[in-house]
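Peer 1: I'm passing along my_file.cif; it holds mmCIF, C-alpha atoms.
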```cif
data_structure
#
loop_
_atom_site.label_atom_id
_atom_site.label_comp_id
_atom_site.auth_asym_id
_atom_site.auth_seq_id
_atom_site.Cartn_x
_atom_site.Cartn_y
_atom_site.Cartn_z
CA MET A 1 113.57 127.86 76.48
CA ASN A 2 111.77 127.09 73.26
CA PRO A 3 111.65 123.45 72.18
CA ARG A 4 112.98 122.48 68.77
CA THR A 5 110.30 122.24 66.14
CA GLN A 6 109.95 120.25 62.96
CA GLN A 7 107.40 120.71 60.20
CA CYS A 8 104.86 117.90 59.73
CA THR A 9 104.61 116.26 56.34
CA ALA A 10 100.94 115.43 56.86
CA PRO A 11 98.31 117.92 57.96
CA ALA A 12 97.39 117.72 61.61
CA THR A 13 93.86 116.67 62.40
CA SER A 14 93.91 117.17 66.16
CA ALA A 15 96.23 117.90 69.06
CA GLU A 16 97.51 114.41 69.82
CA ALA A 17 100.74 113.13 71.41
CA SER A 18 102.92 110.29 70.20
CA MET A 19 106.46 109.02 70.69
CA VAL A 20 109.06 110.02 68.10
CA GLU A 21 112.46 108.34 67.90
CA GLU A 22 115.48 110.13 66.54
CA PRO A 23 118.91 108.49 66.58
CA GLY A 24 120.01 108.76 70.21
CA HIS A 25 116.89 110.61 71.38
CA LEU A 26 113.61 109.66 72.97
CA THR A 27 111.16 112.52 72.64
CA LEU A 28 107.49 113.21 72.96
CA ALA A 29 105.93 114.89 69.95
CA THR A 30 102.78 116.92 70.32
CA VAL A 31 100.97 117.73 67.10
CA VAL A 32 99.66 121.28 67.13
CA SER A 33 98.33 122.57 63.80
CA ALA A 34 101.12 121.81 61.28
CA THR A 35 104.10 121.86 63.68
CA VAL A 36 105.53 119.12 65.89
CA ALA A 37 107.09 120.38 69.11
CA LEU A 38 109.88 118.06 70.27
CA THR A 39 110.72 118.08 73.96
CA ALA A 40 112.68 115.86 76.30
CA LEU A 41 109.63 114.44 78.07
CA GLN A 42 108.96 110.88 79.19
CA PRO A 43 105.57 109.14 79.35
CA GLU A 44 104.17 109.17 82.89
CA ASP A 45 103.64 105.41 82.98
CA GLU A 46 107.34 104.53 82.53
CA ALA A 47 109.30 103.77 85.71
CA ARG A 48 112.62 104.96 84.30
CA ILE A 49 113.77 107.69 81.97
CA THR A 50 116.03 105.95 79.45
CA TRP A 51 118.22 106.96 76.55
CA SER A 52 120.78 105.12 74.42
CA ILE A 53 123.15 105.80 71.54
CA ARG A 54 125.59 103.82 69.42
CA LEU A 55 129.09 105.29 69.59
CA PRO A 56 131.94 104.43 67.20
CA ALA A 57 134.68 102.54 69.08
CA ASN A 58 137.47 104.90 68.04
CA PRO A 59 139.90 107.28 69.80
CA ARG A 60 137.20 110.00 69.99
CA ILE A 61 134.76 107.86 71.99
CA ARG A 62 135.62 109.49 75.34
CA ARG A 63 134.84 113.00 74.09
CA GLU A 64 131.67 111.87 72.31
CA ALA A 65 130.34 109.89 75.31
CA ARG A 66 131.10 112.75 77.68
CA ALA A 67 129.43 115.41 75.52
CA ARG A 68 126.33 113.31 74.78
CA THR A 69 125.89 112.32 78.43
CA ARG A 70 126.33 115.87 79.70
CA MET A 71 123.76 117.16 77.20
CA ARG A 72 121.20 114.41 77.95
CA LEU A 73 121.44 114.75 81.74
CA THR A 74 121.30 118.54 81.61
CA VAL A 75 118.20 118.50 79.38
CA SER A 76 116.62 115.91 81.68
CA HIS A 77 117.32 118.06 84.78
CA TRP A 78 119.06 115.17 86.54
CA THR A 79 119.86 116.23 90.11
CA GLY A 80 123.23 114.49 90.42
CA ASP A 81 126.73 115.61 89.48
CA VAL A 82 126.38 115.87 85.69
CA ASP A 83 130.09 116.41 85.04
CA ALA A 84 131.10 113.37 87.11
CA ALA A 85 128.40 111.24 85.43
CA ALA A 86 129.59 112.38 82.00
CA ARG A 87 133.14 111.36 82.86
CA VAL A 88 131.94 107.99 84.21
CA ALA A 89 130.13 107.40 80.90
CA ALA A 90 133.28 108.40 79.01
CA GLU A 91 135.46 106.04 81.06
CA LEU A 92 133.12 103.07 80.60
CA ALA A 93 132.74 103.73 76.87
CA ASP A 94 136.50 104.11 76.45
CA ASN A 95 137.12 100.87 78.38
CA ALA A 96 134.63 99.06 76.12
CA ALA A 97 136.42 100.37 73.03
CA LYS A 98 139.91 99.53 74.35
CA HIS A 99 139.39 96.33 76.33
CA GLY A 100 136.11 94.99 74.94
CA GLU A 101 135.05 94.40 71.40
CA PRO A 102 132.82 96.61 69.24
CA PHE A 103 129.71 95.12 67.66
CA PHE A 104 129.73 94.18 63.96
CA ASP A 105 129.07 97.81 62.98
CA GLY A 106 132.14 99.09 64.87
CA ASN A 107 130.07 100.62 67.69
CA VAL A 108 129.44 100.14 71.39
CA ILE A 109 126.17 101.17 73.01
CA LEU A 110 125.95 103.79 75.75
CA ARG A 111 122.75 103.73 77.82
CA LEU A 112 121.55 106.09 80.53
CA SER A 113 118.62 105.31 82.78
CA VAL A 114 117.29 107.44 85.65
CA ASP A 115 114.95 106.15 88.31
CA PRO A 116 112.69 109.22 88.85
CA GLU A 117 111.64 108.13 92.36
CA ILE A 118 115.13 108.03 93.85
CA GLY A 119 117.13 109.86 91.17
CA GLU A 120 119.81 107.20 90.71
CA LEU A 121 121.53 107.14 87.35
CA LEU A 122 122.45 103.85 85.71
CA VAL A 123 125.21 104.24 83.11
CA GLY A 124 125.60 101.12 81.00
CA VAL A 125 127.90 100.32 78.11
CA ASP A 126 127.36 97.25 75.91
CA ASP A 127 130.06 95.65 73.79
CA ALA A 128 130.37 92.38 71.86
CA SER A 129 132.86 90.63 74.19
CA PRO A 130 130.99 88.35 76.63
CA THR A 131 133.85 88.34 79.17
CA PHE A 132 135.40 90.82 81.57
CA ALA A 133 138.83 89.43 82.40
CA ASN A 134 139.98 90.09 85.97
CA PHE A 135 136.91 92.14 86.93
CA GLU A 136 137.21 91.31 90.63
CA GLU A 137 140.89 92.27 90.65
CA ALA A 138 140.25 95.50 88.72
CA GLN A 139 137.43 96.37 91.10
CA SER A 140 139.31 95.59 94.31
CA ASN A 141 142.69 97.05 93.22
CA PRO A 142 142.00 100.09 91.04
CA ARG A 143 145.05 101.96 89.78
CA GLY A 144 143.87 105.32 91.12
CA THR A 145 141.60 107.92 89.58
CA ASP A 146 143.69 107.91 86.39
CA SER A 147 142.28 104.50 85.45
CA GLY A 148 138.74 104.14 84.12
CA LEU A 149 137.34 101.93 86.88
CA GLY A 150 139.38 103.82 89.47
CA PHE A 151 137.65 107.07 88.57
CA VAL A 152 134.24 105.36 88.55
CA GLN A 153 134.88 104.01 92.05
CA TYR A 154 136.14 107.41 93.21
CA GLN A 155 132.67 108.77 92.32
CA ARG A 156 131.16 106.26 94.82
CA ALA A 157 129.46 104.43 91.97
CA GLU A 158 128.48 100.79 92.23
CA ILE A 159 130.12 98.88 89.38
CA ASN A 160 128.93 95.56 87.99
CA TRP A 161 128.75 93.66 84.75
CA HIS A 162 126.73 90.85 83.22
CA VAL A 163 126.54 88.85 80.03
CA LEU A 164 124.25 90.46 77.46
CA ARG A 165 121.73 88.05 75.90
CA ASP A 166 118.98 88.41 73.34
CA GLY A 167 115.36 87.30 73.87
CA ASN A 168 116.25 83.70 72.93
CA GLY A 169 119.13 83.51 75.42
CA SER A 170 121.90 83.76 72.83
CA VAL A 171 125.00 85.60 74.05
CA LEU A 172 125.47 89.00 72.38
CA GLY A 173 128.28 90.42 74.52
CA LYS A 174 128.39 92.11 77.92
CA THR A 175 127.10 95.16 79.75
CA VAL A 176 129.26 97.08 82.23
CA GLN A 177 127.24 99.30 84.54
CA ALA A 178 127.82 102.02 87.09
CA ILE A 179 125.10 103.33 89.40
CA LEU A 180 125.50 106.94 90.57
CA PRO A 181 123.52 108.73 93.30
CA GLY A 182 120.96 111.28 92.17
CA THR A 183 121.76 114.23 94.38
CA SER A 184 124.89 116.30 93.95
CA GLY A 185 125.00 117.31 97.58
CA GLU A 186 122.34 118.53 100.00
CA GLU A 187 124.74 121.02 101.53
CA ALA A 188 125.19 122.98 98.29
#
```
In structure tokens, how does this file's structure come out?
Peer 2:
Amino acid sequence: MNPRTQQCTAPATSAEASMVEEPGHLTLATVVSATVALTALQPEDEARITWSIRLPANPRIRREARARTRMRLTVSHWTGDVDAAARVAAELADNAAKHGEPFFDGNVILRLSVDPEIGELLVGVDDASPTFANFEEAQSNPRGTDSGLGFVQYQRAEINWHVLRDGNGSVLGKTVQAILPGTSGEEA
């Protein structure tokens, strides 16, 4: 598979590597002559592979979250059940859009983080509402796999939430998280 390339605007002086940020992408750019090769690599010194994107809190959020998650986990060669993880991300994003509150720009934030040592995937969705009404009840009495949290629990994911704060301690909203195992089955 050939990585995507992008032409440099400045002439290259040497083969050096640097981080490049595109909306929703964390990539490593290697300058080789006048071309930048973009690949889905992560610096070796980082403990987790992370990615985030702002998604519009609208009726299409499920489809968008699912497609983006599936693509990111496939490119990253995550060893877990990519389809189930994509649906978990879609359910959490949809719940944030329906039951939470979008940020001032009309978006919620979807974050994926993989621990490379154990392969666990952390799916997190941030929204502007600092509360999660009846979380304990929703967690202990899910309405089956047709409900968002019910499907997440069916995937044996740990579910939790916490208040989202900035560096000064001011409340920004909340984060709802699901942790999924990294292997899709040893018997397969």
Peer 1: Name the residues that the PyMOL selection byres ((chain A and resi 79-89) around 8) pulls out of this structure, and write them as number ranges by chain.
Peer 2: A: 65-70, 73-74, 77-78, 90-93, 110, 119, 123-125, 148, 151-152, 155, 178, 180-185
Peer 1: Using the chain letters and numbers from the file, give me the residues hit by the PyMOL selection byres ((chain A and resi 109) around 9), as an mmCIF file with C-alpha atoms, in the coordinates of the input.
Peer 2:
```cif
data_model
loop_
_atom_site.group_PDB
_atom_site.id
_atom_site.type_symbol
_atom_site.label_atom_id
_atom_site.label_comp_id
_atom_site.auth_asym_id
_atom_site.auth_seq_id
_atom_site.Cartn_x
_atom_site.Cartn_y
_atom_site.Cartn_z
ATOM 1 C CA SER A 52 120.780 105.120 74.420
ATOM 2 C CA ILE A 53 123.150 105.800 71.540
ATOM 3 C CA ARG A 54 125.590 103.820 69.420
ATOM 4 C CA LEU A 55 129.090 105.290 69.590
ATOM 5 C CA PRO A 56 131.940 104.430 67.200
ATOM 6 C CA ALA A 93 132.740 103.730 76.870
ATOM 7 C CA PRO A 102 132.820 96.610 69.240
ATOM 8 C CA PHE A 103 129.710 95.120 67.660
ATOM 9 C CA ASN A 107 130.070 100.620 67.690
ATOM 10 C CA VAL A 108 129.440 100.140 71.390
ATOM 11 C CA LEU A 110 125.950 103.790 75.750
ATOM 12 C CA ARG A 111 122.750 103.730 77.820
ATOM 13 C CA GLY A 124 125.600 101.120 81.000
ATOM 14 C CA VAL A 125 127.900 100.320 78.110
ATOM 15 C CA ASP A 126 127.360 97.250 75.910
ATOM 16 C CA ASP A 127 130.060 95.650 73.790
#
```
Peer 1: Rounded to one decimal place, report the atom CA of Phe132 of chain A-atom CA of Glu158 of chain A distance in Å.
Peer 2: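 So the two atoms, atom CA of Phe132 of chain A and atom CA of Glu158 of chain A, lie 16.2 Å apart.
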Peer 1: Smallest atom-to-atom distance to Phe135 of chain A: which of A:Ile159, A:Ala57, A:Leu122, A:Leu112, using all atoms listed in the file?
Peer 2: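 Under the stated criterion, the closest residue is A:Ile159.
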Peer 1: Can you work out the spacing between atom CA of Asn58 of chain A and atom CA of Ser129 of chain A in Å, to one decimal?
Peer 2: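 Separation of atom CA of Asn58 of chain A and atom CA of Ser129 of chain A: 16.2 Å.
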